[in-house]
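This is data01.cif. It holds mmCIF, C-alpha atoms.
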```cif
data_protein
#
loop_
_atom_site.label_atom_id
_atom_site.label_comp_id
_atom_site.auth_asym_id
_atom_site.auth_seq_id
_atom_site.Cartn_x
_atom_site.Cartn_y
_atom_site.Cartn_z
CA MET A 1 0.00 0.00 0.00
CA LEU A 2 2.83 2.38 0.82
CA GLN A 3 4.53 1.66 -2.50
CA VAL A 4 1.38 2.75 -4.30
CA ALA A 5 0.79 5.79 -2.08
CA ARG A 6 4.30 6.97 -3.00
CA LEU A 7 3.04 7.44 -6.58
CA ALA A 8 0.52 10.10 -5.52
CA PRO A 9 2.96 13.08 -5.49
CA ALA A 10 3.38 12.73 -9.26
CA LEU A 11 -0.27 13.73 -9.73
CA LEU A 12 -0.44 16.14 -6.80
CA GLY A 13 2.53 18.13 -8.03
CA GLU A 14 3.16 21.26 -5.95
CA ALA A 15 0.07 20.47 -3.87
CA ALA A 16 1.97 17.60 -2.23
CA GLY A 17 3.75 20.13 -0.02
CA ARG A 18 0.41 21.47 1.23
CA VAL A 19 -0.64 17.95 2.21
CA VAL A 20 2.58 17.52 4.18
CA GLU A 21 1.86 20.80 6.00
CA PHE A 22 -1.67 19.61 6.76
CA LEU A 23 -0.41 16.32 8.19
CA GLU A 24 2.23 18.08 10.30
CA GLY A 25 -0.52 20.29 11.70
CA GLN A 26 -2.44 17.22 12.93
CA LEU A 27 0.26 16.35 15.45
CA ASN A 28 -0.58 17.09 19.08
CA GLU A 29 1.96 18.24 21.67
CA ASP A 30 2.17 14.75 23.16
CA GLY A 31 3.27 13.29 19.82
CA GLY A 32 -0.04 11.64 18.96
CA THR A 33 -2.23 12.52 16.00
CA LYS A 34 -5.59 14.27 16.28
CA ASP A 35 -8.75 12.29 15.83
CA ARG A 36 -11.89 14.10 14.70
CA ALA A 37 -12.36 15.50 18.20
CA GLY A 38 -8.73 16.67 18.40
CA ASN A 39 -7.61 13.97 20.83
CA SER A 40 -4.43 11.96 20.28
CA ASP A 41 -5.18 8.53 18.84
CA LEU A 42 -2.93 5.68 17.69
CA TYR A 43 -5.35 4.92 14.85
CA TYR A 44 -4.94 8.38 13.32
CA THR A 45 -1.22 8.33 14.05
CA VAL A 46 -0.93 5.40 11.62
CA PHE A 47 -2.38 7.50 8.83
CA LEU A 48 -0.20 10.52 9.60
CA LEU A 49 2.95 8.40 9.44
CA GLU A 50 1.82 6.49 6.35
CA GLY A 51 0.82 9.72 4.66
CA MET A 52 4.16 11.36 5.35
CA ILE A 53 6.04 8.33 4.04
CA GLY A 54 3.78 8.18 0.99
CA LEU A 55 4.59 11.82 0.25
CA ARG A 56 8.32 11.07 0.64
CA ALA A 57 8.53 13.40 3.65
CA GLU A 58 10.42 12.62 6.84
CA PRO A 59 7.99 11.36 9.50
CA PRO A 60 8.25 13.23 12.82
CA VAL A 61 10.04 10.40 14.60
CA GLU A 62 11.44 12.44 17.51
CA ARG A 63 7.96 13.67 18.43
CA VAL A 64 6.00 10.46 17.81
CA LEU A 65 8.32 7.87 19.33
CA PRO A 66 7.92 9.07 22.97
CA TYR A 67 4.14 8.89 22.46
CA LEU A 68 4.40 5.31 21.19
CA ARG A 69 6.66 4.26 24.06
CA ARG A 70 3.94 5.20 26.54
CA PHE A 71 1.99 2.16 25.32
CA ASP A 72 4.88 -0.33 25.81
CA ASP A 73 3.49 -3.67 24.55
CA GLY A 74 -0.09 -2.44 24.26
CA GLU A 75 -1.52 -3.66 27.54
CA GLY A 76 -5.06 -2.29 27.86
CA LEU A 77 -5.44 -1.44 24.18
CA ASP A 78 -8.33 -2.81 22.16
CA PHE A 79 -7.56 -5.00 19.15
CA VAL A 80 -7.62 -2.23 16.55
CA HIS A 81 -5.32 0.05 18.52
CA LEU A 82 -3.02 -2.87 19.37
CA THR A 83 -2.46 -3.50 15.66
CA CYS A 84 -2.06 0.25 15.14
CA LEU A 85 0.76 0.22 17.70
CA ALA A 86 2.55 -2.43 15.63
CA ARG A 87 2.06 -0.39 12.46
CA CYS A 88 3.32 2.83 14.03
CA LEU A 89 6.44 1.13 15.41
CA ALA A 90 7.16 -0.27 11.94
CA SER A 91 7.36 3.33 10.69
CA MET A 92 9.97 4.19 13.30
CA PRO A 93 13.74 3.49 13.11
CA ALA A 94 14.64 -0.21 13.18
CA ASP A 95 15.88 -0.06 16.78
CA ALA A 96 12.63 1.46 18.12
CA ALA A 97 11.19 -1.98 18.92
CA GLY A 98 13.47 -4.88 19.76
CA GLU A 99 12.61 -8.53 19.30
CA GLU A 100 11.40 -8.94 22.87
CA LEU A 101 8.92 -6.06 22.59
CA ARG A 102 7.71 -7.22 19.19
CA ARG A 103 7.03 -10.70 20.52
CA ARG A 104 5.13 -9.32 23.52
CA ILE A 105 2.92 -7.27 21.19
CA ALA A 106 2.37 -10.34 19.02
CA ALA A 107 1.34 -12.33 22.10
CA ARG A 108 -1.30 -9.72 22.93
CA ILE A 109 -2.58 -9.87 19.36
CA GLU A 110 -2.71 -13.67 19.51
CA ALA A 111 -4.79 -13.46 22.70
CA HIS A 112 -7.57 -12.26 20.39
CA ARG A 113 -7.48 -15.50 18.38
CA ALA A 114 -11.00 -16.90 18.39
CA ALA A 115 -12.15 -20.50 18.38
CA ASP A 116 -13.32 -20.03 14.78
CA GLY A 117 -9.72 -19.41 13.64
CA GLY A 118 -10.07 -15.67 13.14
CA TYR A 119 -9.28 -12.67 15.32
CA ALA A 120 -11.95 -11.26 17.61
CA SER A 121 -12.43 -7.77 18.96
CA ARG A 122 -12.51 -9.19 22.48
CA ALA A 123 -9.61 -11.24 23.81
CA ASP A 124 -9.98 -14.77 25.22
CA GLY A 125 -13.70 -15.09 24.55
CA PRO A 126 -15.74 -18.03 23.18
CA ALA A 127 -16.68 -17.76 19.53
CA THR A 128 -20.19 -19.09 19.89
CA GLY A 129 -23.01 -16.63 20.40
CA ASP A 130 -20.85 -13.55 20.89
CA ARG A 131 -20.09 -11.49 17.80
CA GLU A 132 -17.33 -9.54 19.56
CA ALA A 133 -15.58 -12.84 20.31
CA SER A 134 -15.85 -14.12 16.72
CA GLY A 135 -13.36 -13.47 13.95
CA THR A 136 -14.09 -10.84 11.32
CA VAL A 137 -12.51 -10.14 7.94
CA TYR A 138 -11.47 -6.70 9.15
CA ASN A 139 -9.68 -8.11 12.18
CA ALA A 140 -8.02 -10.79 10.06
CA PHE A 141 -6.66 -8.12 7.73
CA LEU A 142 -5.37 -6.08 10.68
CA ALA A 143 -3.77 -9.13 12.27
CA LEU A 144 -1.95 -10.15 9.10
CA GLY A 145 -0.64 -6.60 8.67
CA ALA A 146 0.46 -6.45 12.29
CA TYR A 147 2.44 -9.68 12.04
CA GLN A 148 4.08 -8.36 8.87
CA ASP A 149 4.92 -5.13 10.71
CA LEU A 150 6.40 -7.11 13.60
CA GLY A 151 8.47 -9.24 11.23
CA LEU A 152 6.84 -12.46 12.44
CA PRO A 153 4.90 -15.20 10.65
CA ILE A 154 1.20 -15.32 11.42
CA PRO A 155 0.34 -18.51 13.33
CA ARG A 156 -1.94 -21.13 11.76
CA PRO A 157 -2.66 -19.27 8.51
CA GLU A 158 -4.83 -22.12 7.22
CA GLU A 159 -7.31 -21.49 10.06
CA LEU A 160 -7.38 -17.79 9.25
CA ILE A 161 -8.07 -18.54 5.59
CA ALA A 162 -10.95 -20.83 6.54
CA ASN A 163 -12.39 -18.16 8.83
CA VAL A 164 -12.29 -15.52 6.09
CA LEU A 165 -13.83 -17.83 3.48
CA ALA A 166 -16.64 -18.63 5.93
CA GLN A 167 -17.60 -14.94 5.83
CA ARG A 168 -18.57 -14.95 2.16
CA SER A 169 -21.95 -13.30 1.76
CA GLY A 170 -24.88 -14.60 -0.21
CA ASP A 171 -24.10 -12.33 -3.17
CA GLY A 172 -20.57 -13.76 -3.57
CA ALA A 173 -18.74 -10.93 -1.79
CA PHE A 174 -17.52 -10.83 1.83
CA ALA A 175 -18.92 -9.33 5.03
CA ASN A 176 -17.68 -8.95 8.60
CA GLY A 177 -19.51 -11.98 9.92
CA THR A 178 -21.07 -15.20 8.74
CA GLY A 179 -24.52 -15.67 7.21
CA MET A 180 -24.79 -12.20 5.65
CA ALA A 181 -26.92 -11.88 2.52
CA VAL A 182 -25.06 -8.85 1.16
CA GLY A 183 -21.36 -8.07 1.31
CA ASN A 184 -19.63 -4.73 1.66
CA THR A 185 -16.77 -3.21 -0.29
CA PRO A 186 -14.09 -2.73 2.42
CA ALA A 187 -14.57 -6.27 3.78
CA THR A 188 -14.49 -7.74 0.27
CA ALA A 189 -11.37 -5.77 -0.61
CA ALA A 190 -9.69 -6.82 2.64
CA ALA A 191 -10.59 -10.48 2.09
CA ALA A 192 -9.27 -10.45 -1.47
CA THR A 193 -6.01 -8.81 -0.40
CA LEU A 194 -5.52 -11.13 2.57
CA LEU A 195 -6.22 -14.29 0.56
CA ARG A 196 -3.82 -13.16 -2.14
CA TYR A 197 -1.03 -12.57 0.39
CA LEU A 198 -1.62 -16.02 1.88
CA ASP A 199 -1.47 -17.64 -1.58
CA GLU A 200 -5.12 -18.68 -1.46
CA PRO A 201 -7.08 -18.38 -4.75
CA VAL A 202 -9.56 -15.50 -4.72
CA PRO A 203 -12.95 -16.47 -6.17
CA PRO A 204 -13.11 -14.89 -9.66
CA GLU A 205 -16.54 -13.35 -9.09
CA VAL A 206 -15.05 -11.13 -6.37
CA SER A 207 -13.47 -8.83 -8.99
CA GLU A 208 -16.79 -8.57 -10.82
CA TRP A 209 -18.61 -7.74 -7.59
CA LEU A 210 -16.13 -5.02 -6.70
CA LEU A 211 -16.17 -3.48 -10.18
CA ALA A 212 -19.98 -3.39 -10.02
CA ARG A 213 -19.76 -1.18 -6.93
CA CYS A 214 -18.18 1.64 -8.94
CA SER A 215 -20.67 4.48 -9.38
CA PRO A 216 -21.24 5.81 -12.91
CA HIS A 217 -20.17 9.18 -11.49
CA GLY A 218 -16.93 7.76 -10.09
CA GLY A 219 -15.99 6.35 -6.72
CA PHE A 220 -17.09 3.09 -5.11
CA LEU A 221 -20.19 2.41 -3.03
CA VAL A 222 -19.80 0.70 0.33
CA MET A 223 -22.50 -1.82 -0.64
CA PRO A 224 -25.20 -2.30 -3.28
CA GLY A 225 -27.78 0.47 -3.09
CA ALA A 226 -25.65 2.84 -1.00
CA PRO A 227 -26.61 6.47 -1.75
CA LEU A 228 -23.09 7.89 -2.18
CA PRO A 229 -19.59 6.65 -2.98
CA ASP A 230 -16.94 7.18 -0.34
CA LEU A 231 -13.16 7.44 -0.30
CA LEU A 232 -12.52 4.45 2.00
CA SER A 233 -14.48 2.11 -0.27
CA THR A 234 -12.85 3.64 -3.35
CA ALA A 235 -9.26 3.31 -2.15
CA THR A 236 -9.65 -0.22 -0.76
CA ALA A 237 -11.53 -1.45 -3.84
CA LEU A 238 -8.89 -0.03 -6.18
CA HIS A 239 -6.13 -1.62 -4.10
CA ALA A 240 -7.80 -5.04 -4.18
CA LEU A 241 -8.66 -4.83 -7.88
CA ALA A 242 -5.11 -3.82 -8.77
CA GLY A 243 -3.79 -6.81 -6.82
CA LEU A 244 -6.21 -9.06 -8.71
CA GLN A 245 -5.03 -7.50 -12.00
CA ALA A 246 -8.56 -6.41 -12.88
CA PRO A 247 -8.95 -3.85 -15.71
CA LEU A 248 -9.28 -0.31 -14.34
CA GLU A 249 -9.00 1.78 -17.50
CA ALA A 250 -12.77 2.25 -17.96
CA ILE A 251 -13.20 3.63 -14.43
CA ARG A 252 -9.96 5.60 -14.16
CA GLU A 253 -11.18 9.06 -15.20
CA PRO A 254 -14.51 8.96 -13.30
CA CYS A 255 -12.67 7.82 -10.16
CA LEU A 256 -10.05 10.55 -10.54
CA ASP A 257 -12.88 13.08 -10.83
CA PHE A 258 -14.50 11.64 -7.70
CA VAL A 259 -11.28 11.84 -5.67
CA ASP A 260 -10.70 15.37 -6.94
CA SER A 261 -14.19 16.34 -5.76
CA LEU A 262 -13.14 15.52 -2.18
CA TRP A 263 -9.92 17.58 -2.36
CA THR A 264 -9.95 20.71 -0.19
CA GLY A 265 -6.71 22.16 -1.47
CA LYS A 266 -4.60 20.61 1.29
CA ALA A 267 -6.29 17.33 2.29
CA PHE A 268 -9.24 15.04 1.55
CA CYS A 269 -12.68 14.50 3.03
CA GLY A 270 -14.39 11.11 3.14
CA HIS A 271 -17.46 11.67 0.95
CA TRP A 272 -19.64 14.40 -0.50
CA SER A 273 -21.58 14.93 2.74
CA ASP A 274 -18.39 15.20 4.81
CA ASP A 275 -16.69 18.54 5.34
CA VAL A 276 -14.03 17.45 7.87
CA GLU A 277 -10.46 16.83 6.71
CA ASP A 278 -8.49 14.22 8.60
CA CYS A 279 -5.38 12.07 8.26
CA GLU A 280 -7.28 8.86 7.59
CA TYR A 281 -9.14 10.03 4.50
CA THR A 282 -6.14 11.99 3.30
CA TYR A 283 -4.14 8.77 3.30
CA TYR A 284 -6.93 6.98 1.42
CA GLY A 285 -6.89 9.83 -1.08
CA LEU A 286 -3.17 9.25 -1.64
CA LEU A 287 -3.72 5.50 -2.03
CA ALA A 288 -6.52 6.00 -4.55
CA ILE A 289 -4.53 8.53 -6.56
CA GLY A 290 -1.54 6.21 -6.55
CA HIS A 291 -3.51 3.40 -8.13
CA LEU A 292 -5.23 5.70 -10.61
CA SER A 293 -1.88 7.11 -11.72
CA LEU A 294 -0.60 3.71 -12.89
#
```

So that I can check it, write out the structure of this file as structure tokens.
Amino acid sequence: MLQVARLAPALLGEAAGRVVEFLEGQLNEDGGTKDRAGNSDLYYTVFLLEGMIGLRAEPPVERVLPYLRRFDDGEGLDFVHLTCLARCLASMPADAAGEELRRRIAARIEAHRAADGGYASRADGPATGDREASGTVYNAFLALGAYQDLGLPIPRPEELIANVLAQRSGDGAFANGTGMAVGNTPATAAAATLLRYLDEPVPPEVSEWLLARCSPHGGFLVMPGAPLPDLLSTATALHALAGLQAPLEAIREPCLDFVDSLWTGKAFCGHWSDDVEDCEYTYYGLLAIGHLSL
């Protein structure tokens, strides 16, 4: 994803510097990155660091690293923020997290392994009858990325593959849970990307389903019948389709127009009804532009 985001400055041109300034302005005094309420959040810190690296700018290591060290091995963090800690540390200098710390973080991630083979939002819970203790596609994608960030192999990948495949929806896509009639774009994109990385064949109809979510006006819908396209769905769908070597030429210009419509002159918003710039959607803007520039 970072390799593709690094292509965005070619299309942004001089505006790339304004995006860097925007990202730098999202850093709080404690070294964390502002969420939408202005509070420091590891989740948004991921996107600030990824965005800076994608724009070929030096990430603010000296300011961010003390903030990250406050979390040590992530005790007390929920699953999403635990994987965000791993991602942030991977953006720091190589000596920021030694092997012992990386293995302790991995152990906390593995505590979220559910009986169904996936990764649950809640640690050490039974998989039956409790959705928060069952694996989801989203959590599987985060777990795989975290293990990659920690430089460790993910345990029992065959069980994770089975868990993801069990979350296929009735329309041939993927959802975050079993027995869903209709899939959604981010989960389907995450499943396709994860399966590809684990050398598992991706069902061919997945590409067709994703391409069908592209609005005639550009951008991707989160699910069939959604009223508006959004930048998260667009960036993740493009990333998955590119990995599946699906043809993008027919949708390239409409999608570029859609992404441009969310550009504020220094950052990106999430969709047409959103007027708040943040690091997350700005990163997804860079990812989408990167793919559309190829």

(message) Show me, as a PyMOL selection string, the residues that have an atom within 10 Å of A:Leu7 when counting all atoms listed in the file, minus same-chain residues fewer than 4 positions from it.
(response) chain A and resi 2-3+11-12+54-56+286-294

(message) Just the number, please: distance in Å from atom CA of A:Thr234 to atom CA of A:Pro186, one decimal.
(response) 8.7 Å

(request) Go through A:Tyr138, A:Trp263, A:Phe174, A:Tyr67 and flag the residue nearest A:Glu29, using all atoms listed in the file for the distances. (result)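 Among A:Tyr138, A:Trp263, A:Phe174, A:Tyr67, it is A:Tyr67 that comes nearest to A:Glu29.
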
What residues come out when you apply the PyMOL selection byres ((chain A and resi 101-118) around 6) to this file, written as an mmCIF file with C-alpha atoms, keeping the file's coordinate frame?
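Generated output (expr_29.cif):
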```
data_model
loop_
_atom_site.group_PDB
_atom_site.id
_atom_site.type_symbol
_atom_site.label_atom_id
_atom_site.label_comp_id
_atom_site.auth_asym_id
_atom_site.auth_seq_id
_atom_site.Cartn_x
_atom_site.Cartn_y
_atom_site.Cartn_z
ATOM 1 C CA ASP A 73 3.490 -3.670 24.550
ATOM 2 C CA ALA A 97 11.190 -1.980 18.920
ATOM 3 C CA GLY A 98 13.470 -4.880 19.760
ATOM 4 C CA GLU A 99 12.610 -8.530 19.300
ATOM 5 C CA GLU A 100 11.400 -8.940 22.870
ATOM 6 C CA TYR A 119 -9.280 -12.670 15.320
ATOM 7 C CA ALA A 120 -11.950 -11.260 17.610
ATOM 8 C CA ALA A 123 -9.610 -11.240 23.810
ATOM 9 C CA ASP A 124 -9.980 -14.770 25.220
ATOM 10 C CA ALA A 127 -16.680 -17.760 19.530
ATOM 11 C CA SER A 134 -15.850 -14.120 16.720
ATOM 12 C CA GLY A 135 -13.360 -13.470 13.950
ATOM 13 C CA LEU A 150 6.400 -7.110 13.600
ATOM 14 C CA GLU A 159 -7.310 -21.490 10.060
ATOM 15 C CA LEU A 160 -7.380 -17.790 9.250
ATOM 16 C CA ASN A 163 -12.390 -18.160 8.830
#
```

(message) Could you list, as an NGL selection string, every residue matched by the PyMOL selection byres ((chain A and resi 82) around 12) in this structure?
(response) :A and (41-43 or 46 or 68 or 71-81 or 83-89 or 102 or 104-112 or 121-123 or 139 or 142-143 or 145-147 or 149-150)

(message) Can you tell me which residues surround A:Gly172 at a distance of at most 12 Å, considering only C-alpha atoms, apart from same-chain residues fewer than 5 positions away, and format the answer as a ChimeraX atom specification?
(response) /A:165-167,179-185,188,191-192,202-210

(message) Considering all atoms listed in the file, can you say which of A:Ala187, A:Phe141, A:Gly17, A:Ser215 comes closest to A:Pro227?
(response)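 Smallest distance to A:Pro227 is found for A:Ser215.
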
(message) Which residue is closest to A:Ala133? Choose from A:Trp272, A:Thr282, A:Gly170, A:Gly177 and count all atoms listed in the file.
(response) A:Gly177

Give me the residues near A:Cys255 as a CSV table (one decimal) with C-alpha atoms, in the frame of the given file, where near means some atom within 10 Å (using all atoms listed in the file) and where sequence neighbours in that chain fewer than 2 positions away do not count.
```csv
chain,number,residue,atom,x,y,z
A,214,CYS,CA,-18.2,1.6,-8.9
A,215,SER,CA,-20.7,4.5,-9.4
A,216,PRO,CA,-21.2,5.8,-12.9
A,217,HIS,CA,-20.2,9.2,-11.5
A,218,GLY,CA,-16.9,7.8,-10.1
A,219,GLY,CA,-16.0,6.4,-6.7
A,220,PHE,CA,-17.1,3.1,-5.1
A,231,LEU,CA,-13.2,7.4,-0.3
A,234,THR,CA,-12.8,3.6,-3.4
A,235,ALA,CA,-9.3,3.3,-2.2
A,238,LEU,CA,-8.9,0.0,-6.2
A,248,LEU,CA,-9.3,-0.3,-14.3
A,250,ALA,CA,-12.8,2.2,-18.0
A,251,ILE,CA,-13.2,3.6,-14.4
A,252,ARG,CA,-10.0,5.6,-14.2
A,253,GLU,CA,-11.2,9.1,-15.2
A,257,ASP,CA,-12.9,13.1,-10.8
A,258,PHE,CA,-14.5,11.6,-7.7
A,259,VAL,CA,-11.3,11.8,-5.7
A,260,ASP,CA,-10.7,15.4,-6.9
A,261,SER,CA,-14.2,16.3,-5.8
A,288,ALA,CA,-6.5,6.0,-4.6
A,289,ILE,CA,-4.5,8.5,-6.6
A,292,LEU,CA,-5.2,5.7,-10.6
```

(request) Could you check how far atom CA of A:Asp95 sits from atom CA of A:Arg6, in Å to one decimal? (result)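 Between atom CA of A:Asp95 and atom CA of A:Arg6 the gap is 24.0 Å.
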
(message) Applying the PyMOL selection byres ((chain A and resi 197) around 12) to the file I just gave you, which residues come out? Please list them as a ChimeraX atom specification.
(response) /A:141,144-145,148,154,157,161,190-196,198-202,240,243-244

Quick one: residues within 12 Å of A:Pro60, only C-alpha atoms, excluding same-chain residues fewer than 3 positions away - as a PDB file with C-alpha atoms, keeping the file's coordinate frame?
```pdb
ATOM      1  CA  VAL A  20       2.580  17.520   4.180  1.00  0.00           C
ATOM      2  CA  LEU A  23      -0.410  16.320   8.190  1.00  0.00           C
ATOM      3  CA  GLU A  24       2.230  18.080  10.300  1.00  0.00           C
ATOM      4  CA  GLY A  25      -0.520  20.290  11.700  1.00  0.00           C
ATOM      5  CA  GLN A  26      -2.440  17.220  12.930  1.00  0.00           C
ATOM      6  CA  LEU A  27       0.260  16.350  15.450  1.00  0.00           C
ATOM      7  CA  ASN A  28      -0.580  17.090  19.080  1.00  0.00           C
ATOM      8  CA  GLU A  29       1.960  18.240  21.670  1.00  0.00           C
ATOM      9  CA  GLY A  31       3.270  13.290  19.820  1.00  0.00           C
ATOM     10  CA  GLY A  32      -0.040  11.640  18.960  1.00  0.00           C
ATOM     11  CA  THR A  33      -2.230  12.520  16.000  1.00  0.00           C
ATOM     12  CA  THR A  45      -1.220   8.330  14.050  1.00  0.00           C
ATOM     13  CA  LEU A  48      -0.200  10.520   9.600  1.00  0.00           C
ATOM     14  CA  LEU A  49       2.950   8.400   9.440  1.00  0.00           C
ATOM     15  CA  GLU A  50       1.820   6.490   6.350  1.00  0.00           C
ATOM     16  CA  GLY A  51       0.820   9.720   4.660  1.00  0.00           C
ATOM     17  CA  MET A  52       4.160  11.360   5.350  1.00  0.00           C
ATOM     18  CA  ILE A  53       6.040   8.330   4.040  1.00  0.00           C
ATOM     19  CA  ALA A  57       8.530  13.400   3.650  1.00  0.00           C
ATOM     20  CA  ARG A  63       7.960  13.670  18.430  1.00  0.00           C
ATOM     21  CA  VAL A  64       6.000  10.460  17.810  1.00  0.00           C
ATOM     22  CA  LEU A  65       8.320   7.870  19.330  1.00  0.00           C
ATOM     23  CA  PRO A  66       7.920   9.070  22.970  1.00  0.00           C
ATOM     24  CA  TYR A  67       4.140   8.890  22.460  1.00  0.00           C
ATOM     25  CA  CYS A  88       3.320   2.830  14.030  1.00  0.00           C
ATOM     26  CA  SER A  91       7.360   3.330  10.690  1.00  0.00           C
ATOM     27  CA  MET A  92       9.970   4.190  13.300  1.00  0.00           C
ATOM     28  CA  PRO A  93      13.740   3.490  13.110  1.00  0.00           C
TER      29      PRO A  93
END
```

(message) Would you compute the distance between atom CA of A:Ser40 and atom CA of A:Arg69? Give it in Å to one decimal.
(response) 14.0 Å
